[in-house]
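J.: What follows is the file input_26.tsv, containing TSV, N, CA and C atoms:
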```tsv
chain	number	residue	atom	x	y	z
A	197	GLY	N	-19.11	-9.72	-2.54
A	197	GLY	CA	-19.19	-11.14	-2.73
A	197	GLY	C	-19.86	-11.48	-4.05
A	198	ALA	N	-19.88	-12.73	-4.38
A	198	ALA	CA	-20.45	-13.22	-5.63
A	198	ALA	C	-21.95	-13.41	-5.48
A	199	GLU	N	-22.68	-13.19	-6.60
A	199	GLU	CA	-24.11	-13.42	-6.59
A	199	GLU	C	-24.39	-14.87	-6.96
A	200	VAL	N	-25.30	-15.50	-6.23
A	200	VAL	CA	-25.66	-16.89	-6.46
A	200	VAL	C	-27.18	-16.97	-6.52
A	201	GLU	N	-27.70	-17.67	-7.53
A	201	GLU	CA	-29.14	-17.86	-7.62
A	201	GLU	C	-29.54	-18.99	-6.69
A	202	GLY	N	-30.58	-18.81	-5.92
A	202	GLY	CA	-31.04	-19.84	-5.00
A	202	GLY	C	-32.52	-19.73	-4.77
A	203	GLY	N	-33.32	-20.68	-5.30
A	203	GLY	CA	-34.75	-20.69	-5.08
A	203	GLY	C	-35.44	-19.42	-5.53
A	204	GLY	N	-34.99	-18.83	-6.64
A	204	GLY	CA	-35.62	-17.61	-7.14
A	204	GLY	C	-35.15	-16.35	-6.43
A	205	ARG	N	-34.26	-16.48	-5.47
A	205	ARG	CA	-33.74	-15.32	-4.74
A	205	ARG	C	-32.28	-15.11	-5.10
A	206	ARG	N	-31.89	-13.86	-5.06
A	206	ARG	CA	-30.48	-13.56	-5.23
A	206	ARG	C	-29.81	-13.60	-3.87
A	207	ILE	N	-28.79	-14.39	-3.77
A	207	ILE	CA	-28.04	-14.49	-2.52
A	207	ILE	C	-26.64	-13.97	-2.78
A	208	ILE	N	-26.20	-13.08	-1.94
A	208	ILE	CA	-24.85	-12.54	-2.06
A	208	ILE	C	-23.94	-13.36	-1.15
A	209	ALA	N	-22.99	-14.07	-1.77
A	209	ALA	CA	-22.04	-14.86	-0.99
A	209	ALA	C	-20.99	-13.93	-0.39
A	210	PRO	N	-20.63	-14.14	0.86
A	210	PRO	CA	-19.61	-13.28	1.48
A	210	PRO	C	-18.26	-13.51	0.81
A	211	PRO	N	-17.41	-12.47	0.78
A	211	PRO	CA	-16.09	-12.64	0.18
A	211	PRO	C	-15.24	-13.58	1.03
A	212	VAL	N	-14.30	-14.21	0.40
A	212	VAL	CA	-13.36	-15.08	1.10
A	212	VAL	C	-12.28	-14.19	1.71
A	213	VAL	N	-12.08	-14.31	3.00
A	213	VAL	CA	-11.07	-13.51	3.69
A	213	VAL	C	-10.08	-14.46	4.34
A	214	GLU	N	-8.82	-14.22	4.07
A	214	GLU	CA	-7.76	-15.00	4.70
A	214	GLU	C	-6.80	-14.03	5.37
A	215	LEU	N	-6.59	-14.20	6.66
A	215	LEU	CA	-5.64	-13.37	7.40
A	215	LEU	C	-4.32	-14.12	7.47
A	216	ILE	N	-3.26	-13.43	7.08
A	216	ILE	CA	-1.92	-14.03	7.11
A	216	ILE	C	-1.06	-13.18	8.02
A	217	ARG	N	-0.57	-13.76	9.07
A	217	ARG	CA	0.33	-13.07	9.99
A	217	ARG	C	1.69	-13.68	9.78
A	218	CYS	N	2.64	-12.87	9.29
A	218	CYS	CA	3.95	-13.43	8.97
A	218	CYS	C	4.99	-12.32	8.95
A	219	ASP	N	6.23	-12.72	8.82
A	219	ASP	CA	7.33	-11.80	8.60
A	219	ASP	C	7.32	-11.46	7.11
A	220	PHE	N	6.94	-10.24	6.77
A	220	PHE	CA	6.83	-9.83	5.37
A	220	PHE	C	8.12	-10.05	4.60
A	221	LEU	N	9.25	-9.95	5.28
A	221	LEU	CA	10.54	-10.03	4.59
A	221	LEU	C	11.00	-11.46	4.35
A	222	ALA	N	10.49	-12.41	5.14
A	222	ALA	CA	10.96	-13.80	5.04
A	222	ALA	C	9.92	-14.74	4.45
A	223	ASN	N	8.74	-14.25	4.15
A	223	ASN	CA	7.64	-15.11	3.74
A	223	ASN	C	6.97	-14.50	2.51
A	224	ASP	N	6.61	-15.32	1.54
A	224	ASP	CA	5.93	-14.78	0.36
A	224	ASP	C	4.48	-15.25	0.25
A	225	SER	N	3.92	-15.77	1.34
A	225	SER	CA	2.55	-16.28	1.30
A	225	SER	C	1.52	-15.17	1.07
A	226	TRP	N	1.92	-13.93	1.14
A	226	TRP	CA	1.02	-12.80	0.95
A	226	TRP	C	1.07	-12.23	-0.46
A	227	LYS	N	1.80	-12.88	-1.36
A	227	LYS	CA	1.99	-12.34	-2.72
A	227	LYS	C	0.71	-12.28	-3.54
A	228	GLU	N	-0.29	-13.09	-3.23
A	228	GLU	CA	-1.55	-13.08	-3.98
A	228	GLU	C	-2.62	-12.25	-3.27
A	229	ALA	N	-2.24	-11.52	-2.24
A	229	ALA	CA	-3.22	-10.72	-1.48
A	229	ALA	C	-3.84	-9.64	-2.35
A	230	ASP	N	-5.10	-9.34	-2.06
A	230	ASP	CA	-5.78	-8.22	-2.71
A	230	ASP	C	-5.67	-6.95	-1.88
A	231	VAL	N	-5.55	-7.10	-0.54
A	231	VAL	CA	-5.40	-5.98	0.38
A	231	VAL	C	-4.35	-6.37	1.42
A	232	VAL	N	-3.40	-5.46	1.68
A	232	VAL	CA	-2.35	-5.69	2.67
A	232	VAL	C	-2.37	-4.53	3.65
A	233	LEU	N	-2.42	-4.83	4.95
A	233	LEU	CA	-2.33	-3.81	5.99
A	233	LEU	C	-0.93	-3.87	6.58
A	234	VAL	N	-0.23	-2.74	6.54
A	234	VAL	CA	1.09	-2.62	7.14
A	234	VAL	C	0.94	-1.64	8.31
A	235	ASN	N	0.76	-2.19	9.51
A	235	ASN	CA	0.57	-1.36	10.70
A	235	ASN	C	1.95	-0.84	11.13
A	236	SER	N	2.40	0.19	10.43
A	236	SER	CA	3.79	0.63	10.46
A	236	SER	C	4.06	1.80	11.40
A	237	CYS	N	3.19	2.04	12.35
A	237	CYS	CA	3.35	3.21	13.22
A	237	CYS	C	4.69	3.24	13.95
A	238	CYS	N	5.17	2.09	14.36
A	238	CYS	CA	6.40	2.04	15.17
A	238	CYS	C	7.57	1.42	14.41
A	239	PHE	N	7.47	1.24	13.10
A	239	PHE	CA	8.56	0.65	12.33
A	239	PHE	C	9.69	1.67	12.13
A	240	SER	N	10.91	1.19	12.14
A	240	SER	CA	12.04	2.06	11.80
A	240	SER	C	11.96	2.38	10.31
A	241	GLU	N	12.65	3.44	9.89
A	241	GLU	CA	12.67	3.79	8.47
A	241	GLU	C	13.27	2.66	7.64
A	242	ALA	N	14.31	2.02	8.17
A	242	ALA	CA	14.97	0.92	7.44
A	242	ALA	C	14.03	-0.27	7.25
A	243	LEU	N	13.30	-0.64	8.30
A	243	LEU	CA	12.37	-1.76	8.19
A	243	LEU	C	11.24	-1.42	7.21
A	244	PHE	N	10.71	-0.20	7.31
A	244	PHE	CA	9.62	0.21	6.43
A	244	PHE	C	10.09	0.22	4.97
A	245	ALA	N	11.30	0.70	4.71
A	245	ALA	CA	11.85	0.71	3.34
A	245	ALA	C	12.01	-0.71	2.82
A	246	SER	N	12.42	-1.64	3.67
A	246	SER	CA	12.57	-3.04	3.27
A	246	SER	C	11.21	-3.65	2.92
A	247	ILE	N	10.19	-3.31	3.70
A	247	ILE	CA	8.85	-3.82	3.43
A	247	ILE	C	8.32	-3.25	2.11
A	248	GLU	N	8.55	-1.96	1.87
A	248	GLU	CA	8.11	-1.36	0.61
A	248	GLU	C	8.78	-2.05	-0.58
A	249	ALA	N	10.08	-2.27	-0.51
A	249	ALA	CA	10.79	-2.92	-1.61
A	249	ALA	C	10.28	-4.34	-1.83
A	250	ARG	N	10.03	-5.07	-0.74
A	250	ARG	CA	9.52	-6.44	-0.84
A	250	ARG	C	8.13	-6.44	-1.46
A	251	ALA	N	7.26	-5.53	-1.02
A	251	ALA	CA	5.91	-5.45	-1.57
A	251	ALA	C	5.95	-5.08	-3.06
A	252	ALA	N	6.84	-4.16	-3.44
A	252	ALA	CA	6.96	-3.76	-4.84
A	252	ALA	C	7.37	-4.93	-5.71
A	253	ALA	N	8.25	-5.77	-5.21
A	253	ALA	CA	8.74	-6.90	-5.98
A	253	ALA	C	7.75	-8.06	-5.99
A	254	LEU	N	6.96	-8.21	-4.94
A	254	LEU	CA	6.15	-9.41	-4.73
A	254	LEU	C	4.69	-9.28	-5.15
A	255	LEU	N	4.06	-8.15	-4.86
A	255	LEU	CA	2.62	-8.03	-5.05
A	255	LEU	C	2.23	-7.83	-6.51
A	256	LYS	N	1.04	-8.29	-6.85
A	256	LYS	CA	0.53	-8.17	-8.22
A	256	LYS	C	-0.07	-6.78	-8.41
A	257	PRO	N	-0.08	-6.29	-9.65
A	257	PRO	CA	-0.73	-5.00	-9.92
A	257	PRO	C	-2.19	-5.02	-9.48
A	258	GLY	N	-2.64	-3.90	-8.91
A	258	GLY	CA	-4.01	-3.78	-8.44
A	258	GLY	C	-4.17	-4.02	-6.96
A	259	THR	N	-3.17	-4.64	-6.31
A	259	THR	CA	-3.24	-4.89	-4.87
A	259	THR	C	-3.28	-3.56	-4.12
A	260	LEU	N	-4.14	-3.47	-3.12
A	260	LEU	CA	-4.20	-2.30	-2.26
A	260	LEU	C	-3.33	-2.52	-1.04
A	261	VAL	N	-2.54	-1.51	-0.68
A	261	VAL	CA	-1.70	-1.57	0.51
A	261	VAL	C	-2.03	-0.36	1.37
A	262	VAL	N	-2.34	-0.62	2.65
A	262	VAL	CA	-2.66	0.43	3.61
A	262	VAL	C	-1.50	0.51	4.59
A	263	THR	N	-0.93	1.71	4.74
A	263	THR	CA	0.13	1.91	5.73
A	263	THR	C	-0.34	2.97	6.72
A	264	LEU	N	0.21	2.92	7.91
A	264	LEU	CA	-0.11	3.91	8.94
A	264	LEU	C	1.15	4.70	9.28
A	265	ARG	N	1.01	5.99	9.32
A	265	ARG	CA	2.03	6.97	9.68
A	265	ARG	C	3.10	7.17	8.63
A	266	GLN	N	3.61	6.12	8.01
A	266	GLN	CA	4.71	6.24	7.06
A	266	GLN	C	4.24	6.08	5.62
A	267	GLN	N	4.92	6.80	4.72
A	267	GLN	CA	4.56	6.78	3.30
A	267	GLN	C	5.59	5.99	2.49
A	268	PHE	N	5.14	5.38	1.40
A	268	PHE	CA	6.04	4.70	0.48
A	268	PHE	C	6.84	5.74	-0.31
A	269	VAL	N	8.14	5.55	-0.40
A	269	VAL	CA	9.01	6.43	-1.15
A	269	VAL	C	8.68	6.37	-2.64
A	270	GLY	N	8.33	5.19	-3.14
A	270	GLY	CA	8.03	5.01	-4.55
A	270	GLY	C	6.82	5.79	-5.01
A	271	ALA	N	5.95	6.20	-4.11
A	271	ALA	CA	4.80	7.03	-4.48
A	271	ALA	C	5.05	8.48	-4.12
A	272	VAL	N	5.74	8.72	-3.02
A	272	VAL	CA	5.98	10.08	-2.57
A	272	VAL	C	6.90	10.81	-3.54
A	273	GLN	N	7.88	10.10	-4.09
A	273	GLN	CA	8.82	10.72	-5.02
A	273	GLN	C	8.35	10.54	-6.45
A	274	ALA	N	7.15	10.97	-6.72
A	274	ALA	CA	6.58	10.84	-8.05
A	274	ALA	C	7.19	11.87	-8.99
A	275	VAL	N	7.24	11.54	-10.26
A	275	VAL	CA	7.74	12.48	-11.26
A	275	VAL	C	6.57	13.32	-11.74
A	276	THR	N	6.70	14.63	-11.63
A	276	THR	CA	5.62	15.53	-12.02
A	276	THR	C	5.65	15.74	-13.54
A	277	GLY	N	4.64	16.40	-14.06
A	277	GLY	CA	4.54	16.66	-15.48
A	277	GLY	C	5.72	17.44	-16.04
A	278	ASP	N	6.37	18.26	-15.22
A	278	ASP	CA	7.50	19.05	-15.72
A	278	ASP	C	8.84	18.32	-15.53
A	279	GLY	N	8.78	17.02	-15.19
A	279	GLY	CA	10.01	16.22	-15.08
A	279	GLY	C	10.71	16.32	-13.74
A	280	LYS	N	10.17	17.12	-12.81
A	280	LYS	CA	10.79	17.24	-11.49
A	280	LYS	C	10.19	16.22	-10.54
A	281	GLN	N	10.96	15.88	-9.51
A	281	GLN	CA	10.44	14.96	-8.51
A	281	GLN	C	9.90	15.76	-7.34
A	282	GLY	N	8.86	15.21	-6.70
A	282	GLY	CA	8.33	15.87	-5.54
A	282	GLY	C	7.08	15.18	-5.05
A	283	ALA	N	6.69	15.49	-3.84
A	283	ALA	CA	5.48	14.89	-3.27
A	283	ALA	C	4.26	15.51	-3.91
A	284	LEU	N	3.31	14.67	-4.28
A	284	LEU	CA	2.08	15.12	-4.90
A	284	LEU	C	0.90	14.66	-4.05
A	285	PRO	N	-0.19	15.43	-4.04
A	285	PRO	CA	-1.38	14.98	-3.29
A	285	PRO	C	-2.05	13.83	-4.01
A	286	PRO	N	-2.81	12.99	-3.29
A	286	PRO	CA	-3.53	11.91	-3.95
A	286	PRO	C	-4.63	12.48	-4.83
A	287	PRO	N	-5.05	11.78	-5.88
A	287	PRO	CA	-4.42	10.57	-6.39
A	287	PRO	C	-3.27	10.91	-7.33
A	288	HIS	N	-2.21	10.16	-7.30
A	288	HIS	CA	-1.12	10.30	-8.26
A	288	HIS	C	-0.36	9.00	-8.36
A	289	ARG	N	0.39	8.83	-9.44
A	289	ARG	CA	1.16	7.62	-9.67
A	289	ARG	C	2.63	7.90	-9.39
A	290	GLY	N	3.27	6.98	-8.70
A	290	GLY	CA	4.69	7.06	-8.45
A	290	GLY	C	5.40	5.97	-9.23
A	291	VAL	N	6.52	5.53	-8.74
A	291	VAL	CA	7.31	4.52	-9.43
A	291	VAL	C	6.52	3.24	-9.61
A	292	CYS	N	5.96	2.69	-8.55
A	292	CYS	CA	5.15	1.48	-8.69
A	292	CYS	C	3.93	1.51	-7.79
A	293	TRP	N	3.63	2.66	-7.22
A	293	TRP	CA	2.47	2.81	-6.33
A	293	TRP	C	1.66	4.01	-6.75
A	294	GLU	N	0.37	3.86	-6.70
A	294	GLU	CA	-0.54	4.97	-6.90
A	294	GLU	C	-1.14	5.29	-5.54
A	295	LEU	N	-0.88	6.49	-5.04
A	295	LEU	CA	-1.46	6.92	-3.77
A	295	LEU	C	-2.89	7.34	-4.04
A	296	ILE	N	-3.85	6.61	-3.46
A	296	ILE	CA	-5.25	6.91	-3.74
A	296	ILE	C	-5.97	7.58	-2.57
A	297	GLU	N	-5.38	7.53	-1.38
A	297	GLU	CA	-5.96	8.24	-0.24
A	297	GLU	C	-4.89	8.49	0.81
A	298	ALA	N	-4.92	9.68	1.39
A	298	ALA	CA	-4.05	10.03	2.50
A	298	ALA	C	-4.89	10.87	3.46
A	299	THR	N	-5.27	10.27	4.57
A	299	THR	CA	-6.13	10.97	5.51
A	299	THR	C	-5.73	10.65	6.93
A	300	GLU	N	-6.04	11.58	7.83
A	300	GLU	CA	-5.84	11.31	9.24
A	300	GLU	C	-7.06	10.54	9.75
A	301	ARG	N	-6.81	9.45	10.45
A	301	ARG	CA	-7.89	8.62	10.99
A	301	ARG	C	-7.71	8.47	12.50
A	302	ARG	N	-8.83	8.32	13.19
A	302	ARG	CA	-8.79	8.11	14.63
A	302	ARG	C	-8.55	6.62	14.89
A	303	MET	N	-7.51	6.32	15.62
A	303	MET	CA	-7.18	4.94	16.01
A	303	MET	C	-7.37	4.83	17.52
A	304	SER	N	-7.28	3.62	18.04
A	304	SER	CA	-7.46	3.43	19.48
A	304	SER	C	-6.40	4.18	20.29
A	305	TRP	N	-5.23	4.43	19.71
A	305	TRP	CA	-4.14	5.11	20.41
A	305	TRP	C	-4.12	6.61	20.12
A	306	GLY	N	-5.01	7.07	19.25
A	306	GLY	CA	-5.04	8.48	18.89
A	306	GLY	C	-5.03	8.64	17.38
A	307	PRO	N	-4.94	9.88	16.89
A	307	PRO	CA	-4.97	10.09	15.45
A	307	PRO	C	-3.70	9.57	14.77
A	308	SER	N	-3.86	9.07	13.56
A	308	SER	CA	-2.72	8.58	12.78
A	308	SER	C	-3.01	8.80	11.30
A	309	MET	N	-1.99	9.13	10.55
A	309	MET	CA	-2.15	9.24	9.10
A	309	MET	C	-2.28	7.85	8.51
A	310	MET	N	-3.21	7.71	7.56
A	310	MET	CA	-3.43	6.45	6.86
A	310	MET	C	-3.21	6.72	5.37
A	311	PHE	N	-2.40	5.87	4.74
A	311	PHE	CA	-2.11	5.99	3.32
A	311	PHE	C	-2.60	4.73	2.62
A	312	VAL	N	-3.34	4.89	1.54
A	312	VAL	CA	-3.84	3.76	0.76
A	312	VAL	C	-3.21	3.84	-0.62
A	313	TYR	N	-2.51	2.77	-1.00
A	313	TYR	CA	-1.82	2.70	-2.29
A	313	TYR	C	-2.39	1.57	-3.13
A	314	ARG	N	-2.31	1.75	-4.44
A	314	ARG	CA	-2.62	0.67	-5.38
A	314	ARG	C	-1.33	0.36	-6.13
A	315	LYS	N	-0.98	-0.93	-6.16
A	315	LYS	CA	0.23	-1.37	-6.89
A	315	LYS	C	-0.03	-1.20	-8.38
A	316	THR	N	0.89	-0.52	-9.06
A	316	THR	CA	0.77	-0.34	-10.50
A	316	THR	C	1.51	-1.47	-11.21
A	317	ASP	N	1.40	-1.49	-12.52
A	317	ASP	CA	2.08	-2.53	-13.29
A	317	ASP	C	3.43	-2.05	-13.80
A	318	TRP	N	3.88	-0.88	-13.34
A	318	TRP	CA	5.14	-0.35	-13.82
A	318	TRP	C	6.19	-0.40	-12.71
A	319	MET	N	7.26	-1.12	-12.95
A	319	MET	CA	8.38	-1.17	-12.00
A	319	MET	C	9.63	-1.41	-12.83
A	320	ASP	N	10.50	-0.45	-12.88
A	320	ASP	CA	11.70	-0.55	-13.69
A	320	ASP	C	12.90	-0.20	-12.82
A	321	GLY	N	13.51	-1.21	-12.25
A	321	GLY	CA	14.69	-0.98	-11.44
A	321	GLY	C	14.35	-0.72	-9.99
A	322	PRO	N	15.35	-0.38	-9.18
A	322	PRO	CA	15.12	-0.18	-7.74
A	322	PRO	C	14.34	1.09	-7.47
A	323	LEU	N	13.76	1.16	-6.29
A	323	LEU	CA	13.04	2.35	-5.90
A	323	LEU	C	14.01	3.51	-5.80
A	324	PRO	N	13.56	4.71	-6.13
A	324	PRO	CA	14.45	5.88	-6.06
A	324	PRO	C	14.75	6.25	-4.61
A	325	ALA	N	15.92	6.87	-4.43
A	325	ALA	CA	16.26	7.38	-3.10
A	325	ALA	C	15.42	8.62	-2.86
A	326	PRO	N	15.10	8.92	-1.59
A	326	PRO	CA	14.34	10.13	-1.32
A	326	PRO	C	15.08	11.35	-1.84
A	327	ALA	N	14.35	12.34	-2.34
A	327	ALA	CA	14.97	13.56	-2.83
A	327	ALA	C	15.57	14.32	-1.66
A	328	PRO	N	16.72	14.94	-1.86
A	328	PRO	CA	17.32	15.72	-0.76
A	328	PRO	C	16.43	16.90	-0.40
A	329	ALA	N	16.48	17.26	0.85
A	329	ALA	CA	15.68	18.39	1.33
A	329	ALA	C	16.19	19.67	0.70
A	330	PRO	N	15.29	20.59	0.33
A	330	PRO	CA	15.74	21.86	-0.25
A	330	PRO	C	16.57	22.64	0.75
A	331	THR	N	17.57	23.34	0.23
A	331	THR	CA	18.45	24.13	1.11
A	331	THR	C	18.13	25.59	1.04
```
Once you've parsed the file, please lay out its structure as structure tokens.
T.:
Amino acid sequence: GAEVEGGGRRIIAPPVVELIRCDFLANDSWKEADVVLVNSCCFSEALFASIEARAAALLKPGTLVVTLRQQFVGAVQAVTGDGKQGALPPPHRGVCWELIEATERRMSWGPSMMFVYRKTDWMDGPLPAPAPAPT
């Protein structure tokens, strides 16, 4: 929060928190968010891909996005130093997401992978398709 002077004391003002519950695909009221939680444990791959594309197009650079169980393709398919595509451990930069944490966390329903991304300022064209599995 912000520091405010008051009667010779430093007072820390609490941060402003706004919770927005909406259809991510039909609503853009979350475009100015600083942190977005995508509780994606039960989302289909198609729905999750649509949310990733919408977030990539809508959110400002620096926004943190937390997903559960599923990973963003734009970060997972990062280009390595040798020009090849592949999954990299955090921290690394992908197409428009920087994966800054990937850890298993205990949830009320049991353990779940949690991924924390930071939106980068680089987005050039559509998100890449997932790389084919090695044969």
J.: Provide the atom C of A:Pro307 to atom CA of A:Gln267 distance in Å, to one decimal place.
T.: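 Value for the atom C of A:Pro307-atom CA of A:Gln267 distance: 14.4 Å.
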J.: To one decimal place, how far is atom CA of A:Pro211 from atom CA of A:Asp230 in Å?
T.: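 Calculated distance between atom CA of A:Pro211 and atom CA of A:Asp230 is 11.6 Å.
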J.: Any idea what the distance is between atom C of A:Leu221 and atom CA of A:Met310?
T.: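 Computing it gives 23.1 Å between the two atoms.
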J.: Name the residues within 9 Å of (2.8, 9.2, 8.7), counting only C-alpha atoms in the file's coordinates, and put them as a VMD selection string.
T.: chain A and resid 236 to 237 263 to 267 300 308 to 311
J.: Let's have the selection written as a PDB file, keeping the file's coordinate frame, with N, CA and C atoms.
T.:
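Final output, out_1.pdb:
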```pdb
ATOM      1  N   SER A 236       2.400   0.190  10.430  1.00  0.00           N
ATOM      2  CA  SER A 236       3.790   0.630  10.460  1.00  0.00           C
ATOM      3  C   SER A 236       4.060   1.800  11.400  1.00  0.00           C
ATOM      4  N   CYS A 237       3.190   2.040  12.350  1.00  0.00           N
ATOM      5  CA  CYS A 237       3.350   3.210  13.220  1.00  0.00           C
ATOM      6  C   CYS A 237       4.690   3.240  13.950  1.00  0.00           C
ATOM      7  N   THR A 263      -0.930   1.710   4.740  1.00  0.00           N
ATOM      8  CA  THR A 263       0.130   1.910   5.730  1.00  0.00           C
ATOM      9  C   THR A 263      -0.340   2.970   6.720  1.00  0.00           C
ATOM     10  N   LEU A 264       0.210   2.920   7.910  1.00  0.00           N
ATOM     11  CA  LEU A 264      -0.110   3.910   8.940  1.00  0.00           C
ATOM     12  C   LEU A 264       1.150   4.700   9.280  1.00  0.00           C
ATOM     13  N   ARG A 265       1.010   5.990   9.320  1.00  0.00           N
ATOM     14  CA  ARG A 265       2.030   6.970   9.680  1.00  0.00           C
ATOM     15  C   ARG A 265       3.100   7.170   8.630  1.00  0.00           C
ATOM     16  N   GLN A 266       3.610   6.120   8.010  1.00  0.00           N
ATOM     17  CA  GLN A 266       4.710   6.240   7.060  1.00  0.00           C
ATOM     18  C   GLN A 266       4.240   6.080   5.620  1.00  0.00           C
ATOM     19  N   GLN A 267       4.920   6.800   4.720  1.00  0.00           N
ATOM     20  CA  GLN A 267       4.560   6.780   3.300  1.00  0.00           C
ATOM     21  C   GLN A 267       5.590   5.990   2.490  1.00  0.00           C
ATOM     22  N   GLU A 300      -6.040  11.580   7.830  1.00  0.00           N
ATOM     23  CA  GLU A 300      -5.840  11.310   9.240  1.00  0.00           C
ATOM     24  C   GLU A 300      -7.060  10.540   9.750  1.00  0.00           C
ATOM     25  N   SER A 308      -3.860   9.070  13.560  1.00  0.00           N
ATOM     26  CA  SER A 308      -2.720   8.580  12.780  1.00  0.00           C
ATOM     27  C   SER A 308      -3.010   8.800  11.300  1.00  0.00           C
ATOM     28  N   MET A 309      -1.990   9.130  10.550  1.00  0.00           N
ATOM     29  CA  MET A 309      -2.150   9.240   9.100  1.00  0.00           C
ATOM     30  C   MET A 309      -2.280   7.850   8.510  1.00  0.00           C
ATOM     31  N   MET A 310      -3.210   7.710   7.560  1.00  0.00           N
ATOM     32  CA  MET A 310      -3.430   6.450   6.860  1.00  0.00           C
ATOM     33  C   MET A 310      -3.210   6.720   5.370  1.00  0.00           C
ATOM     34  N   PHE A 311      -2.400   5.870   4.740  1.00  0.00           N
ATOM     35  CA  PHE A 311      -2.110   5.990   3.320  1.00  0.00           C
ATOM     36  C   PHE A 311      -2.600   4.730   2.620  1.00  0.00           C
TER      37      PHE A 311
END
```
J.: With distances taken over all atoms listed in the file, which residue among A:Val261, A:Cys292, A:Val232, A:Ala271 lies nearest A:Val312?
T.: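 Closest to A:Val312 of all the choices is A:Val261.
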J.: Quick check for you: according to DSSP on this backbone, which residues of stretch 204-312 of chain A are classed as helix (DSSP H, G or I)? Reply as JSON, numbers by chain.
T.: {"A": [241, 242, 243, 244, 245, 246, 247, 248, 249, 250, 251, 252, 253, 254, 269, 270, 271, 272]}
J.: Name the residues in contact with stretch 238-254 of chain A at a cut-off of 9 Å, using only C-alpha atoms, excluding same-chain residues fewer than 3 positions from it; report them as a list in words.
T.: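 Within the cut-off, the hits are Phe220, Leu221, Asp224, Trp226, Lys227, Glu228, Val234, Asn235, Val261, Arg265, Gln266, Gln267, Phe268, Val269, Gly270, Cys292, Trp293, Lys315, Met319, Pro322 and Leu323 of chain A.
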